[in-house]
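First comes the structure, then the notes that go with it.
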Amino acid sequence: MVAKKVRNLALYINLASILLYACAVSTTQTSNIPTNSTGMVELDRIIELVLRGDTNELKSLIRLTQTSCTFADGLGGPPKCLDGEQEGSVVEVLPILDSEGHFLRKAELENWEGLDVSALFAVYEAAQPKFVDKDHPAGEYAIVFIGKNKNTSVTLRVDQGNIVRIDYGYEYPPTIREDEVIRYLIQPIDVSP
């Protein structure tokens with residue numbers, strides 16, 4: 001009777017050790033899978049919304065910049081005044097840097113169709129630019145996505161959990177200059193074939 005109890009106890013211990021080993025192996029294997037988590041809730045939320053294509057929720061995280069409009073000709077600078085606005089009128093805009101650069105007005109935000117991306121590329125804490133432009137805030141963090149067509153990129157500039165600027169890039173893989181990076185929260189993914 002005692003021998004039978006010892007054998008059963010040995011069997012239970014053996015089964016328990018097999019289960020513990022299987023759990024340890026499973027945990028080790030899944031920890032090597034890349035994730036979209038930065039460890040910062042506000043950044044992870046933006047990433048999730050973009051990848052899910054939830055434009056309405058994403059709109060709620062956009063913080064518009066208040067600036068003065070101008071009638072000055074040429075590219076760059078503050079937003080151009082619209083009909084009915086006077087030079088220097090305060091307007092609310094989202095700066096968008098692309099081939100020419102422009103501003104999305106508060107009234108246009110309602111019809112904004114969101115972002116068309118295929119994957120997260122990298123996330124980094126952004127260094128302050130050498131030249132600061134109040135009309136184009138750099139943000140504290142940059143979230144870089146690969147465009148849907150895989151030959152462009154979209155970078156969201158984020159400050160205090162809000163999107164303050166959108167940059168479009170026209171190269172693949174996206175180029176991130178090292179002088180722009182304080183530290184990576186998610187390293188650039190390997191996009192080689």
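Residue names in the structure tokens use chain letters A, B, ... in the order shown, residue numbers from 1 in each chain, and ligand numbers from 1 in the order shown.
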
Surrounding residues of stretch 84-93 of chain A excluding itself and chain neighbours under 5 positions, 10 Å, only C-alpha atoms, as an mmCIF file with C-alpha atoms, in the first residue's frame:
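Writing the result to selection-v4.cif gives the following:
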data_model
loop_
_atom_site.group_PDB
_atom_site.id
_atom_site.type_symbol
_atom_site.label_atom_id
_atom_site.label_comp_id
_atom_site.auth_asym_id
_atom_site.auth_seq_id
_atom_site.Cartn_x
_atom_site.Cartn_y
_atom_site.Cartn_z
ATOM 1 C CA ILE A 62 -5.456 64.901 -32.776
ATOM 2 C CA ARG A 63 -4.391 68.121 -31.069
ATOM 3 C CA LEU A 64 -4.653 71.067 -33.418
ATOM 4 C CA THR A 65 -2.079 73.853 -33.426
ATOM 5 C CA GLN A 66 -3.299 77.420 -32.994
ATOM 6 C CA THR A 67 -1.418 79.792 -35.258
ATOM 7 C CA SER A 68 -1.915 82.895 -37.378
ATOM 8 C CA CYS A 69 -2.714 82.656 -41.082
ATOM 9 C CA THR A 70 -0.969 84.638 -43.815
ATOM 10 C CA PHE A 71 -1.518 85.836 -47.369
ATOM 11 C CA ALA A 72 2.195 85.489 -48.156
ATOM 12 C CA PRO A 78 2.142 79.428 -41.560
ATOM 13 C CA PRO A 79 -1.163 78.360 -43.133
ATOM 14 C CA HIS A 102 -0.007 71.835 -45.952
ATOM 15 C CA PHE A 103 -2.362 72.204 -43.017
ATOM 16 C CA LEU A 104 -5.573 70.339 -42.305
ATOM 17 C CA ARG A 105 -8.073 72.861 -40.941
ATOM 18 C CA LYS A 106 -10.380 72.077 -38.034
ATOM 19 C CA ALA A 107 -13.417 72.156 -40.367
ATOM 20 C CA GLU A 108 -11.692 69.676 -42.725
ATOM 21 C CA LEU A 109 -10.960 67.199 -39.938
ATOM 22 C CA ASP A 135 3.654 75.978 -36.828
ATOM 23 C CA HIS A 136 5.133 72.468 -37.190
ATOM 24 C CA VAL A 164 0.387 67.032 -33.358
ATOM 25 C CA ARG A 165 1.784 66.518 -36.880
#

Can you check which residues of chain A DSSP gives as helix (DSSP H, G or I) on the backbone and send them as a VMD selection string? chain A and resid 2 to 30 41 to 52 55 to 59 106 to 109 178 to 180

Write out, as a compact mmCIF listing (two decimals), in the first residue's frame, the residues just selected, with N, CA and C atoms.
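The resulting part_37.txt:
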# COMPACT_ATOMS: atom_id res chain seq x y z
N VAL A 2 1.89 1.28 0.82
CA VAL A 2 2.81 2.42 0.88
C VAL A 2 3.56 2.54 -0.44
N ALA A 3 3.96 1.41 -1.02
CA ALA A 3 4.68 1.43 -2.28
C ALA A 3 3.81 2.02 -3.39
N LYS A 4 2.52 1.69 -3.38
CA LYS A 4 1.61 2.21 -4.38
C LYS A 4 1.45 3.72 -4.25
N LYS A 5 1.39 4.24 -3.01
CA LYS A 5 1.27 5.68 -2.76
C LYS A 5 2.54 6.40 -3.21
N VAL A 6 3.69 5.79 -2.98
CA VAL A 6 4.97 6.38 -3.39
C VAL A 6 5.04 6.45 -4.91
N ARG A 7 4.61 5.36 -5.59
CA ARG A 7 4.60 5.36 -7.06
C ARG A 7 3.66 6.44 -7.59
N ASN A 8 2.46 6.58 -7.01
CA ASN A 8 1.50 7.60 -7.44
C ASN A 8 2.06 9.01 -7.22
N LEU A 9 2.71 9.22 -6.06
CA LEU A 9 3.31 10.50 -5.76
C LEU A 9 4.42 10.81 -6.77
N ALA A 10 5.24 9.81 -7.09
CA ALA A 10 6.31 9.99 -8.08
C ALA A 10 5.71 10.31 -9.45
N LEU A 11 4.61 9.65 -9.79
CA LEU A 11 3.95 9.91 -11.07
C LEU A 11 3.42 11.35 -11.12
N TYR A 12 2.78 11.82 -10.05
CA TYR A 12 2.26 13.19 -9.99
C TYR A 12 3.38 14.22 -10.07
N ILE A 13 4.46 13.97 -9.38
CA ILE A 13 5.61 14.89 -9.42
C ILE A 13 6.18 14.94 -10.83
N ASN A 14 6.29 13.77 -11.46
CA ASN A 14 6.80 13.71 -12.82
C ASN A 14 5.89 14.49 -13.78
N LEU A 15 4.58 14.31 -13.68
CA LEU A 15 3.63 15.03 -14.52
C LEU A 15 3.70 16.54 -14.27
N ALA A 16 3.80 16.92 -13.01
CA ALA A 16 3.89 18.35 -12.68
C ALA A 16 5.15 18.96 -13.28
N SER A 17 6.28 18.24 -13.22
CA SER A 17 7.52 18.79 -13.77
C SER A 17 7.43 18.91 -15.30
N ILE A 18 6.75 17.96 -15.96
CA ILE A 18 6.57 18.03 -17.41
C ILE A 18 5.72 19.26 -17.76
N LEU A 19 4.63 19.48 -17.00
CA LEU A 19 3.78 20.64 -17.25
C LEU A 19 4.53 21.95 -17.03
N LEU A 20 5.30 22.03 -15.97
CA LEU A 20 6.08 23.24 -15.70
C LEU A 20 7.10 23.48 -16.81
N TYR A 21 7.75 22.44 -17.29
CA TYR A 21 8.72 22.58 -18.37
C TYR A 21 8.03 23.06 -19.64
N ALA A 22 6.86 22.50 -19.94
CA ALA A 22 6.12 22.89 -21.15
C ALA A 22 5.71 24.36 -21.07
N CYS A 23 5.28 24.82 -19.89
CA CYS A 23 4.92 26.22 -19.73
C CYS A 23 6.13 27.12 -19.91
N ALA A 24 7.27 26.74 -19.40
CA ALA A 24 8.49 27.53 -19.54
C ALA A 24 8.92 27.61 -20.99
N VAL A 25 8.85 26.51 -21.72
CA VAL A 25 9.22 26.51 -23.13
C VAL A 25 8.27 27.39 -23.92
N SER A 26 6.98 27.29 -23.63
CA SER A 26 5.97 28.08 -24.33
C SER A 26 6.21 29.56 -24.11
N THR A 27 6.50 29.99 -22.88
CA THR A 27 6.75 31.38 -22.56
C THR A 27 7.99 31.88 -23.28
N THR A 28 9.04 31.08 -23.30
CA THR A 28 10.27 31.48 -23.97
C THR A 28 10.04 31.67 -25.46
N GLN A 29 9.29 30.80 -26.08
CA GLN A 29 9.06 30.90 -27.51
C GLN A 29 8.24 32.14 -27.86
N THR A 30 7.21 32.47 -27.10
CA THR A 30 6.37 33.61 -27.46
C THR A 30 7.05 34.93 -27.15
N VAL A 41 1.14 53.43 -22.65
CA VAL A 41 -0.28 53.23 -22.99
C VAL A 41 -0.74 54.18 -24.09
N GLU A 42 -0.39 55.46 -23.98
CA GLU A 42 -0.90 56.43 -24.97
C GLU A 42 -0.34 56.17 -26.36
N LEU A 43 0.91 55.74 -26.47
CA LEU A 43 1.48 55.42 -27.78
C LEU A 43 0.90 54.12 -28.32
N ASP A 44 0.77 53.13 -27.45
CA ASP A 44 0.21 51.84 -27.87
C ASP A 44 -1.23 52.00 -28.37
N ARG A 45 -1.98 52.91 -27.77
CA ARG A 45 -3.36 53.14 -28.19
C ARG A 45 -3.38 53.72 -29.61
N ILE A 46 -2.51 54.68 -29.88
CA ILE A 46 -2.45 55.27 -31.22
C ILE A 46 -2.08 54.20 -32.25
N ILE A 47 -1.07 53.39 -31.92
CA ILE A 47 -0.65 52.32 -32.83
C ILE A 47 -1.81 51.38 -33.13
N GLU A 48 -2.52 50.97 -32.09
CA GLU A 48 -3.65 50.05 -32.27
C GLU A 48 -4.72 50.67 -33.17
N LEU A 49 -5.06 51.95 -32.92
CA LEU A 49 -6.10 52.61 -33.71
C LEU A 49 -5.70 52.72 -35.18
N VAL A 50 -4.44 53.06 -35.44
CA VAL A 50 -3.98 53.20 -36.82
C VAL A 50 -4.02 51.84 -37.52
N LEU A 51 -3.47 50.81 -36.88
CA LEU A 51 -3.43 49.49 -37.51
C LEU A 51 -4.83 48.90 -37.69
N ARG A 52 -5.75 49.27 -36.82
CA ARG A 52 -7.13 48.80 -36.92
C ARG A 52 -7.93 49.63 -37.92
N THR A 55 -10.50 55.46 -37.77
CA THR A 55 -10.29 56.89 -38.03
C THR A 55 -11.02 57.77 -37.04
N ASN A 56 -12.24 57.41 -36.66
CA ASN A 56 -13.01 58.25 -35.73
C ASN A 56 -12.32 58.37 -34.38
N GLU A 57 -11.85 57.27 -33.84
CA GLU A 57 -11.13 57.33 -32.56
C GLU A 57 -9.81 58.07 -32.72
N LEU A 58 -9.15 57.87 -33.84
CA LEU A 58 -7.88 58.54 -34.11
C LEU A 58 -8.07 60.05 -34.14
N LYS A 59 -9.17 60.51 -34.74
CA LYS A 59 -9.47 61.94 -34.79
C LYS A 59 -9.53 62.55 -33.39
N LYS A 106 -9.44 72.70 -38.97
CA LYS A 106 -10.38 72.08 -38.03
C LYS A 106 -11.66 71.64 -38.76
N ALA A 107 -12.18 72.48 -39.64
CA ALA A 107 -13.42 72.16 -40.37
C ALA A 107 -13.21 70.97 -41.31
N GLU A 108 -11.98 70.78 -41.80
CA GLU A 108 -11.69 69.68 -42.73
C GLU A 108 -11.48 68.34 -42.01
N LEU A 109 -11.23 68.41 -40.72
CA LEU A 109 -10.96 67.20 -39.94
C LEU A 109 -12.13 66.23 -39.98
N GLU A 178 19.66 59.36 -37.42
CA GLU A 178 20.04 59.07 -36.03
C GLU A 178 20.04 60.32 -35.15
N ASP A 179 20.27 61.51 -35.73
CA ASP A 179 20.25 62.72 -34.91
C ASP A 179 18.83 63.12 -34.50
N GLU A 180 17.82 62.44 -35.04
CA GLU A 180 16.43 62.68 -34.66
C GLU A 180 16.00 61.81 -33.48

Quick check for you: according to DSSP on this backbone, which residues of stretch 29-117 of chain A are classed as strand (DSSP E or B)? Reply as a PyMOL selection string. chain A and resi 62+65-68+70+80+90-97+102-105+117

Please produce a file of the residues just selected, as a tab-separated table (two decimals), in the first residue's frame, where the atoms kept are N, CA, C and O atoms.
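Listing of out-v8.tsv after writing:
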chain	number	residue	atom	x	y	z
A	62	ILE	N	-6.17	63.85	-32.06
A	62	ILE	CA	-5.46	64.90	-32.78
A	62	ILE	C	-5.57	66.20	-31.98
A	62	ILE	O	-6.66	66.60	-31.58
A	65	THR	N	-2.98	72.76	-33.76
A	65	THR	CA	-2.08	73.85	-33.43
A	65	THR	C	-2.79	75.17	-33.71
A	65	THR	O	-3.38	75.34	-34.78
A	66	GLN	N	-2.75	76.09	-32.77
A	66	GLN	CA	-3.30	77.42	-32.99
A	66	GLN	C	-2.17	78.31	-33.51
A	66	GLN	O	-1.11	78.40	-32.89
A	67	THR	N	-2.42	78.93	-34.65
A	67	THR	CA	-1.42	79.79	-35.26
A	67	THR	C	-2.13	80.87	-36.07
A	67	THR	O	-3.34	80.82	-36.24
A	68	SER	N	-1.36	81.81	-36.57
A	68	SER	CA	-1.92	82.90	-37.38
A	68	SER	C	-1.76	82.58	-38.86
A	68	SER	O	-0.72	82.08	-39.28
A	70	THR	N	-1.66	83.61	-43.03
A	70	THR	CA	-0.97	84.64	-43.81
A	70	THR	C	-1.46	84.63	-45.26
A	70	THR	O	-1.98	83.62	-45.73
A	80	LYS	N	-2.09	79.42	-45.07
A	80	LYS	CA	-2.60	80.54	-45.87
A	80	LYS	C	-4.00	80.89	-45.39
A	80	LYS	O	-4.80	80.02	-45.03
A	90	VAL	N	-6.30	83.98	-36.12
A	90	VAL	CA	-5.90	82.74	-35.45
A	90	VAL	C	-6.74	81.60	-36.02
A	90	VAL	O	-7.97	81.69	-36.07
A	91	VAL	N	-6.05	80.55	-36.45
A	91	VAL	CA	-6.70	79.37	-37.01
A	91	VAL	C	-6.18	78.13	-36.30
A	91	VAL	O	-5.08	78.14	-35.74
A	92	GLU	N	-6.98	77.06	-36.33
A	92	GLU	CA	-6.57	75.78	-35.74
A	92	GLU	C	-6.31	74.78	-36.86
A	92	GLU	O	-7.18	74.57	-37.71
A	93	VAL	N	-5.11	74.19	-36.85
A	93	VAL	CA	-4.69	73.33	-37.95
A	93	VAL	C	-3.89	72.13	-37.45
A	93	VAL	O	-3.33	72.15	-36.36
A	94	LEU	N	-3.85	71.10	-38.29
A	94	LEU	CA	-2.94	69.97	-38.10
A	94	LEU	C	-1.90	70.07	-39.21
A	94	LEU	O	-2.25	69.94	-40.39
A	95	PRO	N	-0.63	70.31	-38.87
A	95	PRO	CA	0.41	70.39	-39.89
A	95	PRO	C	0.65	69.02	-40.53
A	95	PRO	O	0.72	68.00	-39.83
A	96	ILE	N	0.75	69.01	-41.86
A	96	ILE	CA	1.04	67.78	-42.59
A	96	ILE	C	2.23	68.07	-43.50
A	96	ILE	O	2.16	68.95	-44.36
A	97	LEU	N	3.32	67.35	-43.26
A	97	LEU	CA	4.51	67.50	-44.09
A	97	LEU	C	4.52	66.38	-45.12
A	97	LEU	O	4.54	65.21	-44.78
A	102	HIS	N	1.24	71.10	-46.05
A	102	HIS	CA	-0.01	71.83	-45.95
A	102	HIS	C	-0.57	71.67	-44.55
A	102	HIS	O	0.04	71.02	-43.69
A	103	PHE	N	-1.71	72.25	-44.32
A	103	PHE	CA	-2.36	72.20	-43.02
A	103	PHE	C	-3.79	71.70	-43.19
A	103	PHE	O	-4.49	72.14	-44.10
A	104	LEU	N	-4.19	70.80	-42.33
A	104	LEU	CA	-5.57	70.34	-42.30
A	104	LEU	C	-6.31	71.24	-41.31
A	104	LEU	O	-5.93	71.32	-40.14
A	105	ARG	N	-7.30	71.95	-41.79
A	105	ARG	CA	-8.07	72.86	-40.94
A	105	ARG	C	-9.04	72.09	-40.06
A	105	ARG	O	-9.45	70.97	-40.39
A	117	VAL	N	-2.06	52.43	-43.96
A	117	VAL	CA	-0.76	51.82	-43.66
A	117	VAL	C	-0.85	50.30	-43.67
A	117	VAL	O	-1.94	49.73	-43.54

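Here atom CA of A:Ile176 stands at a distance of 18.7 Å from atom CA of A:Ile163.
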
Surrounding residues of A:Arg157 excluding itself and chain neighbours under 4 positions, 8 Å, only C-alpha atoms, as a PDB file with N, CA, C and O atoms, in the first residue's frame:
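The resulting file, around_1.pdb, is reproduced below:
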ATOM      1  N   PRO A 137       4.976  71.531 -34.921  1.00  0.00           N
ATOM      2  CA  PRO A 137       5.549  70.926 -33.711  1.00  0.00           C
ATOM      3  C   PRO A 137       6.146  69.549 -33.984  1.00  0.00           C
ATOM      4  O   PRO A 137       5.590  68.757 -34.740  1.00  0.00           O
ATOM      5  N   ALA A 138       7.305  69.309 -33.379  1.00  0.00           N
ATOM      6  CA  ALA A 138       8.021  68.046 -33.607  1.00  0.00           C
ATOM      7  C   ALA A 138       7.491  66.912 -32.746  1.00  0.00           C
ATOM      8  O   ALA A 138       7.641  65.747 -33.096  1.00  0.00           O
ATOM      9  N   GLY A 139       6.869  67.229 -31.621  1.00  0.00           N
ATOM     10  CA  GLY A 139       6.375  66.195 -30.714  1.00  0.00           C
ATOM     11  C   GLY A 139       7.485  65.570 -29.898  1.00  0.00           C
ATOM     12  O   GLY A 139       8.676  65.768 -30.159  1.00  0.00           O
ATOM     13  N   GLU A 140       7.070  64.781 -28.906  1.00  0.00           N
ATOM     14  CA  GLU A 140       8.017  64.063 -28.045  1.00  0.00           C
ATOM     15  C   GLU A 140       8.405  62.715 -28.643  1.00  0.00           C
ATOM     16  O   GLU A 140       9.502  62.225 -28.419  1.00  0.00           O
ATOM     17  N   TYR A 141       7.470  62.112 -29.373  1.00  0.00           N
ATOM     18  CA  TYR A 141       7.659  60.773 -29.920  1.00  0.00           C
ATOM     19  C   TYR A 141       7.272  60.749 -31.389  1.00  0.00           C
ATOM     20  O   TYR A 141       6.466  61.560 -31.841  1.00  0.00           O
ATOM     21  N   ALA A 142       7.853  59.812 -32.110  1.00  0.00           N
ATOM     22  CA  ALA A 142       7.506  59.597 -33.513  1.00  0.00           C
ATOM     23  C   ALA A 142       7.128  58.130 -33.691  1.00  0.00           C
ATOM     24  O   ALA A 142       7.865  57.239 -33.265  1.00  0.00           O
ATOM     25  N   ILE A 143       5.970  57.900 -34.304  1.00  0.00           N
ATOM     26  CA  ILE A 143       5.499  56.550 -34.615  1.00  0.00           C
ATOM     27  C   ILE A 143       5.529  56.427 -36.135  1.00  0.00           C
ATOM     28  O   ILE A 143       4.813  57.145 -36.826  1.00  0.00           O
ATOM     29  N   ILE A 163      -1.683  63.391 -31.310  1.00  0.00           N
ATOM     30  CA  ILE A 163      -1.021  63.567 -32.602  1.00  0.00           C
ATOM     31  C   ILE A 163      -0.974  65.060 -32.895  1.00  0.00           C
ATOM     32  O   ILE A 163      -2.013  65.724 -32.920  1.00  0.00           O
ATOM     33  N   VAL A 164       0.239  65.599 -33.118  1.00  0.00           N
ATOM     34  CA  VAL A 164       0.387  67.032 -33.358  1.00  0.00           C
ATOM     35  C   VAL A 164       0.878  67.346 -34.774  1.00  0.00           C
ATOM     36  O   VAL A 164       0.863  68.503 -35.186  1.00  0.00           O
ATOM     37  N   ARG A 165       1.323  66.312 -35.510  1.00  0.00           N
ATOM     38  CA  ARG A 165       1.784  66.518 -36.880  1.00  0.00           C
ATOM     39  C   ARG A 165       1.837  65.170 -37.578  1.00  0.00           C
ATOM     40  O   ARG A 165       2.075  64.145 -36.948  1.00  0.00           O
ATOM     41  N   ILE A 166       1.639  65.177 -38.897  1.00  0.00           N
ATOM     42  CA  ILE A 166       1.775  63.971 -39.708  1.00  0.00           C
ATOM     43  C   ILE A 166       2.807  64.252 -40.795  1.00  0.00           C
ATOM     44  O   ILE A 166       2.729  65.273 -41.482  1.00  0.00           O
ATOM     45  N   ASP A 167       3.789  63.349 -40.925  1.00  0.00           N
ATOM     46  CA  ASP A 167       4.822  63.458 -41.962  1.00  0.00           C
ATOM     47  C   ASP A 167       4.683  62.283 -42.919  1.00  0.00           C
ATOM     48  O   ASP A 167       4.579  61.135 -42.478  1.00  0.00           O
TER      49      ASP A 167
END

Tell me which of A:Ala126, A:Leu115, A:Ile189, A:Leu120 sits closest to A:Arg177, counting only C-alpha atoms.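 Smallest separation from A:Arg177 among the options: A:Ala126.
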
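Shortest separation to A:Glu113 among A:Tyr184, A:Ser192, A:Asp54, A:Thr175 occurs at residue A:Asp54, atoms counted being only C-alpha atoms.
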